[in-house]
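Pasting coords.cif here (mmCIF, C-alpha atoms and all ligand atoms):
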```
data_work
#
loop_
_atom_site.label_atom_id
_atom_site.label_comp_id
_atom_site.auth_asym_id
_atom_site.auth_seq_id
_atom_site.Cartn_x
_atom_site.Cartn_y
_atom_site.Cartn_z
CA MET B 1081 122.62 65.12 102.09
CA PHE B 1082 122.35 68.80 101.30
CA GLU B 1083 124.29 68.72 97.98
CA HIS B 1084 121.15 68.90 95.85
CA ILE B 1085 119.77 72.02 97.55
CA LYS B 1086 119.84 75.06 95.28
CA ARG B 1087 119.96 78.68 96.39
CA VAL B 1088 116.77 80.61 95.61
CA PRO B 1089 116.22 84.34 95.18
CA GLY B 1090 114.81 86.12 98.25
CA ASP B 1091 111.13 86.74 98.88
CA PRO B 1092 109.84 89.23 96.27
CA ILE B 1093 108.66 91.60 99.01
CA LEU B 1094 110.82 91.02 102.10
CA GLY B 1095 113.94 90.69 99.90
CA LEU B 1096 113.55 94.38 99.04
CA ILE B 1097 114.30 95.42 102.64
CA ASP B 1098 117.87 94.15 102.35
CA ALA B 1099 118.42 95.48 98.85
CA PHE B 1100 117.14 98.92 99.88
CA ASN B 1101 119.33 99.06 103.00
CA LYS B 1102 122.43 98.22 100.93
CA ASP B 1103 121.74 100.88 98.28
CA THR B 1104 124.03 103.91 98.72
CA ASN B 1105 121.98 106.26 96.50
CA PRO B 1106 121.27 109.31 98.72
CA ASN B 1107 117.93 109.85 96.95
CA LYS B 1108 116.68 106.30 97.41
CA VAL B 1109 112.97 105.83 98.14
CA ASP B 1110 111.39 102.72 99.65
CA LEU B 1111 107.99 101.95 98.13
CA GLY B 1112 108.44 98.21 98.74
CA VAL B 1113 107.34 96.27 101.80
CA GLY B 1114 103.94 97.16 103.25
CA VAL B 1115 104.79 99.06 106.39
CA TYR B 1116 103.45 102.51 107.18
CA ARG B 1117 105.94 105.37 106.99
CA ASP B 1118 105.63 108.93 108.23
CA ASP B 1119 106.88 112.01 106.41
CA HIS B 1120 110.43 111.27 107.65
CA GLY B 1121 110.36 107.78 106.16
CA THR B 1122 110.25 106.09 109.57
CA THR B 1123 107.76 103.56 110.92
CA PRO B 1124 106.93 105.04 114.31
CA ILE B 1125 105.51 103.16 117.28
CA MET B 1126 101.99 104.47 117.93
CA ARG B 1127 101.60 106.42 121.16
CA ALA B 1128 98.70 104.20 122.27
CA VAL B 1129 100.97 101.17 121.80
CA LYS B 1130 103.77 102.74 123.86
CA GLU B 1131 101.34 103.54 126.68
CA ALA B 1132 99.86 100.05 126.59
CA GLU B 1133 103.35 98.55 126.71
CA ALA B 1134 104.25 100.67 129.75
CA LEU B 1135 101.15 99.33 131.51
CA LEU B 1136 102.04 95.78 130.55
CA VAL B 1137 105.57 96.06 131.90
CA LYS B 1138 104.17 97.41 135.16
CA ASN B 1139 101.29 94.98 135.57
CA GLU B 1140 102.39 91.74 133.91
CA THR B 1141 102.75 89.01 136.49
CA THR B 1142 103.67 85.91 134.49
CA LYS B 1143 105.20 84.62 131.29
CA ALA B 1144 103.42 81.26 131.49
CA TYR B 1145 101.81 79.79 128.35
CA ILE B 1146 98.64 81.49 127.11
CA GLY B 1147 97.07 78.44 125.42
CA SER B 1148 96.49 77.58 121.78
CA HIS B 1149 93.69 80.11 121.26
CA GLY B 1150 95.88 82.83 122.77
CA ASP B 1151 94.89 85.48 125.27
CA PRO B 1152 91.11 85.38 125.89
CA ARG B 1153 91.21 89.17 126.39
CA PHE B 1154 92.58 89.51 122.86
CA GLY B 1155 89.83 87.40 121.29
CA LYS B 1156 87.18 89.30 123.22
CA ALA B 1157 88.57 92.63 122.01
CA VAL B 1158 89.21 91.71 118.38
CA LEU B 1159 85.91 89.99 117.55
CA PRO B 1160 83.83 93.20 117.96
CA MET B 1161 86.49 95.24 116.17
CA VAL B 1162 86.13 92.98 113.12
CA LEU B 1163 82.47 91.95 113.29
CA GLY B 1164 81.05 95.12 114.89
CA ASP B 1165 80.02 96.02 118.43
CA ASP B 1166 76.39 95.13 117.75
CA SER B 1167 77.12 92.11 115.57
CA PRO B 1168 74.25 89.61 115.36
CA VAL B 1169 76.94 86.95 114.81
CA LEU B 1170 78.42 87.72 118.22
CA ALA B 1171 74.98 87.95 119.81
CA ALA B 1172 74.23 84.45 118.46
CA ASN B 1173 77.58 83.22 119.81
CA ARG B 1174 78.61 81.66 116.51
CA ALA B 1175 82.09 83.22 116.06
CA SER B 1176 85.35 82.05 117.58
CA GLY B 1177 88.68 83.89 117.62
CA THR B 1178 92.04 82.12 117.64
CA GLN B 1179 95.05 84.38 118.17
CA ALA B 1180 97.77 83.59 115.65
CA PRO B 1181 101.30 84.73 114.79
CA GLY B 1182 100.26 87.60 112.51
CA GLY B 1183 97.80 87.60 109.64
CA THR B 1184 100.14 85.15 107.89
CA GLY B 1185 99.91 82.73 110.83
CA ALA B 1186 96.12 83.04 110.78
CA LEU B 1187 96.09 82.26 107.05
CA ARG B 1188 98.26 79.20 107.60
CA LEU B 1189 95.93 78.00 110.37
CA ALA B 1190 93.00 78.43 107.98
CA ALA B 1191 94.89 76.56 105.24
CA ASP B 1192 95.70 73.63 107.52
CA PHE B 1193 92.12 73.57 108.78
CA ILE B 1194 90.81 73.41 105.18
CA ARG B 1195 93.23 70.65 104.20
CA VAL B 1196 92.27 68.47 107.16
CA HIS B 1197 88.56 69.16 107.45
CA LEU B 1198 87.53 69.85 103.85
CA PRO B 1199 89.69 67.18 102.19
CA GLY B 1200 90.23 67.58 98.47
CA LYS B 1201 88.94 71.16 98.44
CA GLY B 1202 90.98 73.91 96.79
CA ILE B 1203 91.24 77.67 97.24
CA TRP B 1204 90.76 80.32 94.54
CA LEU B 1205 92.81 83.52 94.78
CA SER B 1206 92.45 86.84 92.99
CA ASP B 1207 94.90 87.44 90.16
CA PRO B 1208 96.90 89.38 91.22
CA THR B 1209 97.09 88.75 94.95
CA TRP B 1210 99.63 89.04 97.76
CA PRO B 1211 102.45 86.84 96.40
CA ASN B 1212 102.79 84.95 99.67
CA HIS B 1213 99.22 83.63 99.38
CA LEU B 1214 100.35 81.25 96.67
CA GLY B 1215 103.32 79.76 98.54
CA LEU B 1216 101.37 79.64 101.77
CA PHE B 1217 98.37 77.71 100.44
CA GLU B 1218 100.40 75.45 98.17
CA GLY B 1219 102.82 74.85 101.05
CA ALA B 1220 99.87 73.72 103.15
CA GLY B 1221 98.98 71.21 100.42
CA LEU B 1222 95.93 72.95 98.94
CA LYS B 1223 95.14 73.07 95.25
CA VAL B 1224 95.18 76.72 94.20
CA GLY B 1225 93.03 78.29 91.47
CA LYS B 1226 92.77 81.90 90.33
CA TYR B 1227 90.06 84.38 89.39
CA PRO B 1228 90.83 87.59 87.47
CA TYR B 1229 90.68 90.87 89.37
CA VAL B 1230 92.42 93.59 87.34
CA ASP B 1231 92.04 94.14 83.58
CA ALA B 1232 94.67 95.11 81.00
CA GLU B 1233 93.83 98.80 81.56
CA ASN B 1234 94.68 98.42 85.25
CA ARG B 1235 91.08 98.67 86.49
CA LEU B 1236 89.02 96.35 88.69
CA ASP B 1237 87.42 93.78 86.37
CA PHE B 1238 84.38 92.85 88.45
CA PRO B 1239 82.43 91.06 85.68
CA ALA B 1240 85.42 88.80 84.90
CA MET B 1241 85.95 88.19 88.61
CA MET B 1242 82.36 87.09 89.12
CA ASP B 1243 82.28 85.00 85.93
CA ALA B 1244 85.26 83.03 87.23
CA ILE B 1245 83.88 82.68 90.77
CA ARG B 1246 80.64 81.32 89.31
CA GLN B 1247 82.71 78.47 87.80
CA ILE B 1248 84.28 77.36 91.10
CA PRO B 1249 82.93 73.92 92.00
CA ALA B 1250 80.63 73.83 95.04
CA GLY B 1251 82.25 73.30 98.41
CA ASN B 1252 85.55 74.96 97.51
CA VAL B 1253 87.08 78.04 99.11
CA VAL B 1254 87.34 81.53 97.67
CA LEU B 1255 89.77 84.00 99.18
CA LEU B 1256 88.54 87.60 99.23
CA HIS B 1257 90.42 90.70 100.38
CA ALA B 1258 88.18 92.53 102.85
CA CYS B 1259 89.57 95.95 101.92
CA CYS B 1260 92.72 97.64 100.63
CA HIS B 1261 93.29 94.86 98.11
CA ASN B 1262 96.94 93.82 98.12
CA PRO B 1263 98.51 94.55 95.64
CA SER B 1264 96.00 96.48 93.54
CA GLY B 1265 94.29 98.87 95.97
CA PHE B 1266 90.97 98.29 94.13
CA ASP B 1267 88.14 97.56 96.56
CA LEU B 1268 84.59 96.32 96.08
CA SER B 1269 81.58 98.62 96.52
CA ALA B 1270 78.68 97.67 98.80
CA GLU B 1271 76.71 96.61 95.74
CA GLN B 1272 79.56 94.43 94.50
CA TRP B 1273 79.85 92.76 97.92
CA GLN B 1274 76.15 91.95 97.67
CA THR B 1275 76.79 90.21 94.32
CA VAL B 1276 79.70 88.30 95.87
CA LEU B 1277 77.41 87.18 98.69
CA ASP B 1278 74.71 86.03 96.25
CA VAL B 1279 77.16 84.04 94.14
CA VAL B 1280 79.00 82.51 97.10
CA ARG B 1281 75.65 81.41 98.54
CA GLU B 1282 74.36 80.11 95.21
CA ARG B 1283 77.58 78.20 94.49
CA ASP B 1284 77.90 76.96 98.09
CA LEU B 1285 81.46 78.26 98.48
CA LEU B 1286 83.35 78.92 101.71
CA PRO B 1287 84.70 82.49 101.82
CA LEU B 1288 88.06 83.06 103.47
CA VAL B 1289 88.28 86.81 104.00
CA ASP B 1290 91.81 88.20 104.38
CA PHE B 1291 91.44 91.35 106.50
CA ALA B 1292 94.96 92.74 106.87
CA TYR B 1293 94.36 96.48 106.55
CA GLN B 1294 91.27 97.33 108.62
CA GLY B 1295 91.24 101.10 109.09
CA PHE B 1296 93.55 101.92 106.18
CA GLY B 1297 90.87 102.29 103.50
CA ASP B 1298 87.91 104.44 104.51
CA GLY B 1299 87.66 103.73 108.25
CA LEU B 1300 87.51 100.88 110.78
CA GLU B 1301 83.76 100.36 110.33
CA GLU B 1302 83.58 101.13 106.59
CA ASP B 1303 86.42 98.72 105.77
CA ALA B 1304 84.59 95.89 107.54
CA TYR B 1305 81.50 96.13 105.33
CA GLY B 1306 82.14 93.03 103.19
CA ALA B 1307 83.46 90.82 105.99
CA ARG B 1308 80.47 91.66 108.19
CA LEU B 1309 77.97 91.17 105.37
CA LEU B 1310 79.28 87.66 104.66
CA ALA B 1311 79.54 86.73 108.35
CA GLU B 1312 75.97 87.88 109.04
CA GLN B 1313 74.38 86.34 105.96
CA LEU B 1314 76.20 83.03 105.62
CA ASP B 1315 76.40 80.02 107.89
CA GLU B 1316 80.14 79.59 107.51
CA VAL B 1317 82.95 82.08 106.94
CA LEU B 1318 86.62 82.25 107.87
CA ILE B 1319 88.22 85.67 108.47
CA THR B 1320 91.90 86.35 109.07
CA SER B 1321 92.44 89.63 110.86
CA SER B 1322 95.86 91.23 111.18
CA CYS B 1323 96.89 93.79 113.81
CA SER B 1324 100.28 94.35 112.15
CA LYS B 1325 99.33 97.45 110.20
CA ASN B 1326 96.48 99.08 112.12
CA PHE B 1327 98.34 98.83 115.45
CA GLY B 1328 101.76 99.17 113.77
CA ILE B 1329 103.05 96.09 115.66
CA TYR B 1330 104.39 94.23 112.64
CA ARG B 1331 107.20 92.34 114.36
CA GLU B 1332 105.05 91.30 117.32
CA ARG B 1333 103.19 88.92 114.97
CA THR B 1334 99.61 89.51 116.04
CA GLY B 1335 96.64 88.20 114.12
CA CYS B 1336 93.44 86.28 114.60
CA LEU B 1337 91.61 83.53 112.75
CA ILE B 1338 87.90 84.09 113.16
CA ALA B 1339 85.73 81.08 112.42
CA VAL B 1340 82.03 81.80 111.94
CA ALA B 1341 79.80 78.73 112.08
CA LYS B 1342 76.09 78.03 111.81
CA ASP B 1343 75.48 77.85 115.54
CA THR B 1344 77.31 77.72 118.87
CA GLU B 1345 77.61 73.94 118.81
CA GLN B 1346 79.33 73.86 115.40
CA MET B 1347 81.47 76.86 116.29
CA GLU B 1348 82.72 75.08 119.45
CA ASN B 1349 83.49 71.97 117.38
CA VAL B 1350 85.53 73.99 114.88
CA ARG B 1351 87.19 75.90 117.71
CA SER B 1352 88.31 72.68 119.39
CA GLN B 1353 89.92 71.57 116.12
CA LEU B 1354 91.69 74.90 115.63
CA ALA B 1355 93.34 74.54 119.03
CA ILE B 1356 94.85 71.26 117.82
CA THR B 1357 95.96 72.81 114.51
CA ALA B 1358 97.66 75.66 116.37
CA ARG B 1359 99.24 73.25 118.86
CA GLU B 1360 100.74 71.17 116.08
CA ASN B 1361 102.08 74.27 114.30
CA TYR B 1362 103.55 76.47 117.03
CA SER B 1363 101.75 75.43 120.23
CA ASN B 1364 100.87 78.92 121.57
CA PRO B 1365 100.97 82.27 119.74
CA PRO B 1366 103.41 84.96 120.93
CA ALA B 1367 101.72 86.89 123.74
CA HIS B 1368 103.02 90.44 123.67
CA GLY B 1369 101.20 91.83 120.61
CA GLY B 1370 97.85 90.39 121.65
CA ALA B 1371 98.27 91.87 125.13
CA ILE B 1372 98.97 95.31 123.60
CA VAL B 1373 95.83 95.13 121.46
CA ALA B 1374 93.67 93.99 124.38
CA GLU B 1375 95.09 96.70 126.65
CA ILE B 1376 94.26 99.38 124.06
CA LEU B 1377 90.80 98.17 123.08
CA GLU B 1378 89.74 97.62 126.71
CA SER B 1379 90.59 101.21 127.67
CA ALA B 1380 88.27 103.93 126.35
CA GLU B 1381 91.12 106.44 126.60
CA LEU B 1382 93.75 104.32 124.80
CA ALA B 1383 91.24 103.18 122.19
CA ALA B 1384 90.34 106.80 121.37
CA MET B 1385 94.05 107.67 121.10
CA TRP B 1386 94.66 104.69 118.82
CA ARG B 1387 91.70 105.51 116.58
CA ALA B 1388 92.93 109.08 116.17
CA GLU B 1389 96.42 107.88 115.24
CA LEU B 1390 95.01 105.38 112.77
CA THR B 1391 92.87 108.10 111.19
CA GLU B 1392 95.97 110.28 110.85
CA MET B 1393 97.82 107.49 109.03
CA ARG B 1394 94.89 106.82 106.71
CA ASP B 1395 94.39 110.50 105.93
CA ARG B 1396 98.08 110.93 105.21
CA ILE B 1397 98.10 108.05 102.71
CA ASN B 1398 94.92 109.23 100.99
CA GLY B 1399 96.37 112.76 100.80
CA LEU B 1400 99.58 111.40 99.26
CA ARG B 1401 97.54 109.59 96.64
CA ARG B 1402 95.98 112.87 95.48
CA ASP B 1403 99.28 114.79 95.75
CA PHE B 1404 101.14 112.21 93.70
CA VAL B 1405 98.64 112.33 90.85
CA GLU B 1406 98.93 116.13 90.97
CA ALA B 1407 102.74 115.89 90.86
CA LEU B 1408 102.40 113.84 87.66
CA GLN B 1409 100.29 116.56 86.03
CA PRO B 1410 103.23 118.59 84.57
CA PHE B 1411 104.40 115.42 82.80
CA GLY B 1412 101.00 114.82 81.21
CA LEU B 1413 100.62 111.65 83.26
CA ALA B 1414 97.85 112.61 85.69
CA GLU B 1415 95.20 110.84 83.66
CA LYS B 1416 97.28 107.72 83.07
CA PHE B 1417 97.89 107.30 86.81
CA ALA B 1418 94.54 108.73 88.02
CA CYS B 1419 93.69 105.33 89.52
CA ILE B 1420 96.30 105.94 92.25
CA ALA B 1421 93.96 108.52 93.83
CA GLU B 1422 91.02 106.12 93.61
CA GLN B 1423 92.72 103.06 95.05
CA ARG B 1424 92.62 102.43 98.80
CA GLY B 1425 95.01 101.21 101.48
CA MET B 1426 98.78 101.18 101.47
CA PHE B 1427 99.23 99.93 97.94
CA SER B 1428 98.79 101.05 94.38
CA TYR B 1429 99.07 98.86 91.39
CA THR B 1430 100.74 101.37 89.10
CA GLY B 1431 100.59 99.42 85.86
CA LEU B 1432 104.38 99.75 85.48
CA SER B 1433 106.07 96.72 83.94
CA PRO B 1434 108.79 94.66 85.66
CA GLU B 1435 111.32 96.35 83.32
CA GLN B 1436 110.14 99.83 84.31
CA VAL B 1437 110.28 98.82 87.99
CA GLU B 1438 113.85 97.60 87.46
CA THR B 1439 114.85 100.92 85.84
CA LEU B 1440 113.31 102.85 88.72
CA ARG B 1441 115.49 100.83 91.05
CA SER B 1442 118.76 100.87 89.09
CA GLU B 1443 118.64 104.48 87.90
CA PHE B 1444 116.68 106.26 90.61
CA GLY B 1445 117.02 104.08 93.72
CA ILE B 1446 113.22 103.74 93.88
CA TYR B 1447 112.19 100.33 95.24
CA MET B 1448 108.86 98.74 94.36
CA VAL B 1449 107.59 95.18 94.06
CA LYS B 1450 108.29 93.78 90.57
CA SER B 1451 104.55 93.50 89.84
CA GLY B 1452 104.38 97.31 89.76
CA ARG B 1453 103.00 97.57 93.31
CA ALA B 1454 104.00 100.73 95.16
CA ASN B 1455 103.60 101.35 98.89
CA VAL B 1456 102.08 104.84 98.81
CA ALA B 1457 103.04 105.43 102.47
CA GLY B 1458 106.69 105.51 101.32
CA LEU B 1459 106.01 108.79 99.48
CA SER B 1460 106.60 112.06 101.33
CA ARG B 1461 106.57 115.79 100.71
CA ASP B 1462 110.35 115.56 100.16
CA ASN B 1463 110.39 112.74 97.59
CA LEU B 1464 107.08 113.24 95.76
CA ALA B 1465 108.48 115.39 92.96
CA TYR B 1466 111.52 113.11 92.56
CA VAL B 1467 109.35 109.99 92.27
CA ALA B 1468 106.97 111.73 89.83
CA LYS B 1469 109.94 112.70 87.65
CA ALA B 1470 111.26 109.15 87.72
CA PHE B 1471 107.81 107.75 86.80
CA ALA B 1472 107.78 110.17 83.86
CA ALA B 1473 111.28 109.08 82.78
CA VAL B 1474 110.36 105.38 82.72
CA SER B 1475 106.96 106.04 81.11
CA SER B 1476 108.32 107.98 78.11
C1 LIG B 1501 103.30 93.34 102.16
O1 LIG B 1501 102.50 92.86 101.36
O2 LIG B 1501 104.24 94.07 101.82
C2 LIG B 1501 103.11 93.07 103.63
O3 LIG B 1501 101.96 92.32 103.83
C3 LIG B 1501 104.31 92.47 104.24
C4 LIG B 1501 104.51 91.05 103.86
O4 LIG B 1501 104.58 90.22 104.77
O5 LIG B 1501 104.60 90.73 102.67
#
```
Starting from the coordinates I provided, produce the structure as structure tokens.
Amino acid sequence: MFEHIKRVPGDPILGLIDAFNKDTNPNKVDLGVGVYRDDHGTTPIMRAVKEAEALLVKNETTKAYIGSHGDPRFGKAVLPMVLGDDSPVLAANRASGTQAPGGTGALRLAADFIRVHLPGKGIWLSDPTWPNHLGLFEGAGLKVGKYPYVDAENRLDFPAMMDAIRQIPAGNVVLLHACCHNPSGFDLSAEQWQTVLDVVRERDLLPLVDFAYQGFGDGLEEDAYGARLLAEQLDEVLITSSCSKNFGIYRERTGCLIAVAKDTEQMENVRSQLAITARENYSNPPAHGGAIVAEILESAELAAMWRAELTEMRDRINGLRRDFVEALQPFGLAEKFACIAEQRGMFSYTGLSPEQVETLRSEFGIYMVKSGRANVAGLSRDNLAYVAKAFAAVSS
């Protein structure tokens, strides 16, 4: 029965973890998978998370099921984080939060919801986008289209993006990255978000906003600008929020699908359906990560500690962006790679070709995604000069 099954290469991002671990090059540098790293190359557990976990161990009284929408404390804490403390959407009670196994789980919930409740509708993704978007939406049975995002000069191509979005047939879904676009790092300005809103409204499209890096661009509030604008101005929006990066709880699989509807009645209808979708997928989400997030956001002291740690991570990445461009200066490459300092979030689309990426890996032990995406957090004071030299070698 299994004779016809062929072996496939590993995931283009997660497969790098294994390859990196096996590499014996003492100078190896991991700029692959999107996890935050400190200056020692480790992914530390945030202090606020450790303290919240200690409280959970002490106070937790049961391991019984938490229900298909997850921990109500989690939903109550995450909705204002994403939509804003004074959100008119929350005041009007037209947003529902469903805890999901990570941002990926939330995306899959959204995909299943679209397939069942908007039959025949497709989803349009930016080109490039997070590679898993494609498999995830196609795997859920949705037709997938693309809109351009980055031009041949490795710059955001907003006019081409909007031209393509204007062609999407009414009633279909457009996926937008809220901030820290993965893989390019190019984000939309407030003015550009306004244009997106106008076109989405005019074309009667449903926006699905992938919000995986809140706090990694310019700040928790600043990064939410586009998601909040759409949620406040449109009747219907789906938002997938991930706590993997901003709480550093990647393996706890903690995310949320936020469904914004026209009014409370429609929101409750959608919410009831999402419970069924979750039930049929995995029944209940894992509890631990959501409990950590709720514990932190409910405590003024832990929330302040967490915000400070998040700011430190963001500042470190943005500092590395500037330092790396400076380290390329002696090679005459500062201008060519100037966009790295302008991009936001963990990633930079470097413009390096798959062949150049392969040479970086085979000759220098530097691991990046084949598309030329580098995780800037993998740079450090110790490896900056080495990576700059290697970039120069493959660029000559
Ligand atoms: C990434 O893009 O590297 C992260 O989102 C991790 C993943 O699941 O791919």
Inset, instruction - Taking all atoms listed in the file into account, report as a count of residues only which residues have an atom no farther than 10 Å from an atom of ligand LIG 1501 (chain B). - result: 35
Legend entry - Separation of CA of Ile1356 (chain B) from CA of Ser1148 (chain B), in Å and rounded to one decimal: 7.6 Å
Inset, instruction - Can you work out the spacing between CA of Ile1146 (chain B) and CA of Ala1367 (chain B) in Å, to one decimal? - result: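 Distance reported for this atom pair: 7.1 Å.
Compared by their closest atoms to Ala1371 (chain B), and using all atoms listed in the file, the residues B:Glu1218, B:Glu1332, B:Glu1083, B:Asp1403 rank with B:Glu1332 nearest.
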Legend entry - Between CA of Arg1424 (chain B) and CA of Asp1237 (chain B), distance in Å (one decimal):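 Between CA of Arg1424 (chain B) and CA of Asp1237 (chain B) the gap works out to 16.0 Å.
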Legend entry - Residues within 7 Å of region 1414-1418 of chain B, all atoms listed in the file, excluding chain neighbours under 5 positions, as number ranges by chain: B: 1405-1406, 1408-1409, 1430
Legend entry - region 1202-1208 of chain B surroundings by all atoms listed in the file, 10 Å radius, close-in-sequence under 5 positions cut, as an MDAnalysis selection string: chainID B and resid 1191 1194:1195 1213:1214 1217:1218 1221:1231 1241 1244:1245 1248:1249 1251:1257 1261:1264 1285:1288 1429 1451
Legend entry - Pick from B:Asn1398, B:Thr1104, B:Gln1274, B:Ser1363, whichever lies nearest to Gln1313 (chain B) using all atoms listed in the file: B:Gln1274
Inset, instruction - Determine the nearest neighbour of Gly1328 (chain B) from the options B:Leu1216, B:Ile1125, B:Ala1190, B:Val1340, counting all atoms listed in the file. - result: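 Nearest candidate to Gly1328 (chain B) out of B:Leu1216, B:Ile1125, B:Ala1190, B:Val1340: B:Ile1125.
The closest residue to Arg1127 (chain B), picked from B:Ile1376, B:Ser1460, B:Pro1410, B:Gly1090 and counting only C-alpha atoms, is B:Ile1376.
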Using the structure just given, write a file holding C-alpha atoms for region 1204-1260 of chain B, as an mmCIF file, in the first residue's frame.
```
data_model
loop_
_atom_site.group_PDB
_atom_site.id
_atom_site.type_symbol
_atom_site.label_atom_id
_atom_site.label_comp_id
_atom_site.auth_asym_id
_atom_site.auth_seq_id
_atom_site.Cartn_x
_atom_site.Cartn_y
_atom_site.Cartn_z
ATOM 1 C CA TRP B 1204 -4.512 35.704 -2.766
ATOM 2 C CA LEU B 1205 -1.035 35.746 -1.200
ATOM 3 C CA SER B 1206 1.834 38.194 -1.584
ATOM 4 C CA ASP B 1207 4.665 37.052 -3.827
ATOM 5 C CA PRO B 1208 6.891 36.285 -1.999
ATOM 6 C CA THR B 1209 5.248 35.103 1.206
ATOM 7 C CA TRP B 1210 5.956 32.673 4.045
ATOM 8 C CA PRO B 1211 6.423 29.412 2.085
ATOM 9 C CA ASN B 1212 4.090 27.501 4.386
ATOM 10 C CA HIS B 1213 1.156 29.738 3.419
ATOM 11 C CA LEU B 1214 0.980 28.007 0.063
ATOM 12 C CA GLY B 1215 0.939 24.423 1.366
ATOM 13 C CA LEU B 1216 -1.387 25.356 4.193
ATOM 14 C CA PHE B 1217 -4.085 26.986 2.058
ATOM 15 C CA GLU B 1218 -3.808 24.502 -0.800
ATOM 16 C CA GLY B 1219 -3.849 21.675 1.748
ATOM 17 C CA ALA B 1220 -7.112 23.074 3.092
ATOM 18 C CA GLY B 1221 -8.544 22.924 -0.436
ATOM 19 C CA LEU B 1222 -8.500 26.639 -1.294
ATOM 20 C CA LYS B 1223 -7.594 28.024 -4.683
ATOM 21 C CA VAL B 1224 -4.512 30.190 -4.242
ATOM 22 C CA GLY B 1225 -3.641 33.308 -6.256
ATOM 23 C CA LYS B 1226 -0.731 35.713 -5.925
ATOM 24 C CA TYR B 1227 -0.127 39.455 -5.972
ATOM 25 C CA PRO B 1228 3.353 40.938 -6.460
ATOM 26 C CA TYR B 1229 5.044 42.516 -3.454
ATOM 27 C CA VAL B 1230 8.757 42.966 -4.180
ATOM 28 C CA ASP B 1231 10.238 44.267 -7.448
ATOM 29 C CA ALA B 1232 13.369 43.128 -9.301
ATOM 30 C CA GLU B 1233 15.420 45.742 -7.406
ATOM 31 C CA ASN B 1234 14.361 44.163 -4.109
ATOM 32 C CA ARG B 1235 12.048 47.001 -3.058
ATOM 33 C CA LEU B 1236 8.376 47.002 -2.044
ATOM 34 C CA ASP B 1237 6.350 47.325 -5.255
ATOM 35 C CA PHE B 1238 3.196 48.913 -3.867
ATOM 36 C CA PRO B 1239 1.699 50.026 -7.210
ATOM 37 C CA ALA B 1240 2.020 46.489 -8.645
ATOM 38 C CA MET B 1241 0.592 45.042 -5.437
ATOM 39 C CA MET B 1242 -2.473 47.271 -5.588
ATOM 40 C CA ASP B 1243 -2.966 46.771 -9.336
ATOM 41 C CA ALA B 1244 -3.155 43.027 -8.740
ATOM 42 C CA ILE B 1245 -5.423 43.304 -5.686
ATOM 43 C CA ARG B 1246 -7.799 45.465 -7.734
ATOM 44 C CA GLN B 1247 -8.199 42.496 -10.117
ATOM 45 C CA ILE B 1248 -9.251 39.995 -7.426
ATOM 46 C CA PRO B 1249 -12.889 39.039 -7.990
ATOM 47 C CA ALA B 1250 -15.329 40.308 -5.355
ATOM 48 C CA GLY B 1251 -15.947 38.084 -2.368
ATOM 49 C CA ASN B 1252 -12.510 36.467 -2.382
ATOM 50 C CA VAL B 1253 -9.895 36.612 0.363
ATOM 51 C CA VAL B 1254 -6.664 38.585 0.400
ATOM 52 C CA LEU B 1255 -3.944 37.685 2.874
ATOM 53 C CA LEU B 1256 -2.006 40.657 4.251
ATOM 54 C CA HIS B 1257 0.974 40.608 6.609
ATOM 55 C CA ALA B 1258 0.187 42.994 9.474
ATOM 56 C CA CYS B 1259 3.841 43.908 10.004
ATOM 57 C CA CYS B 1260 7.356 42.505 9.647
#
```
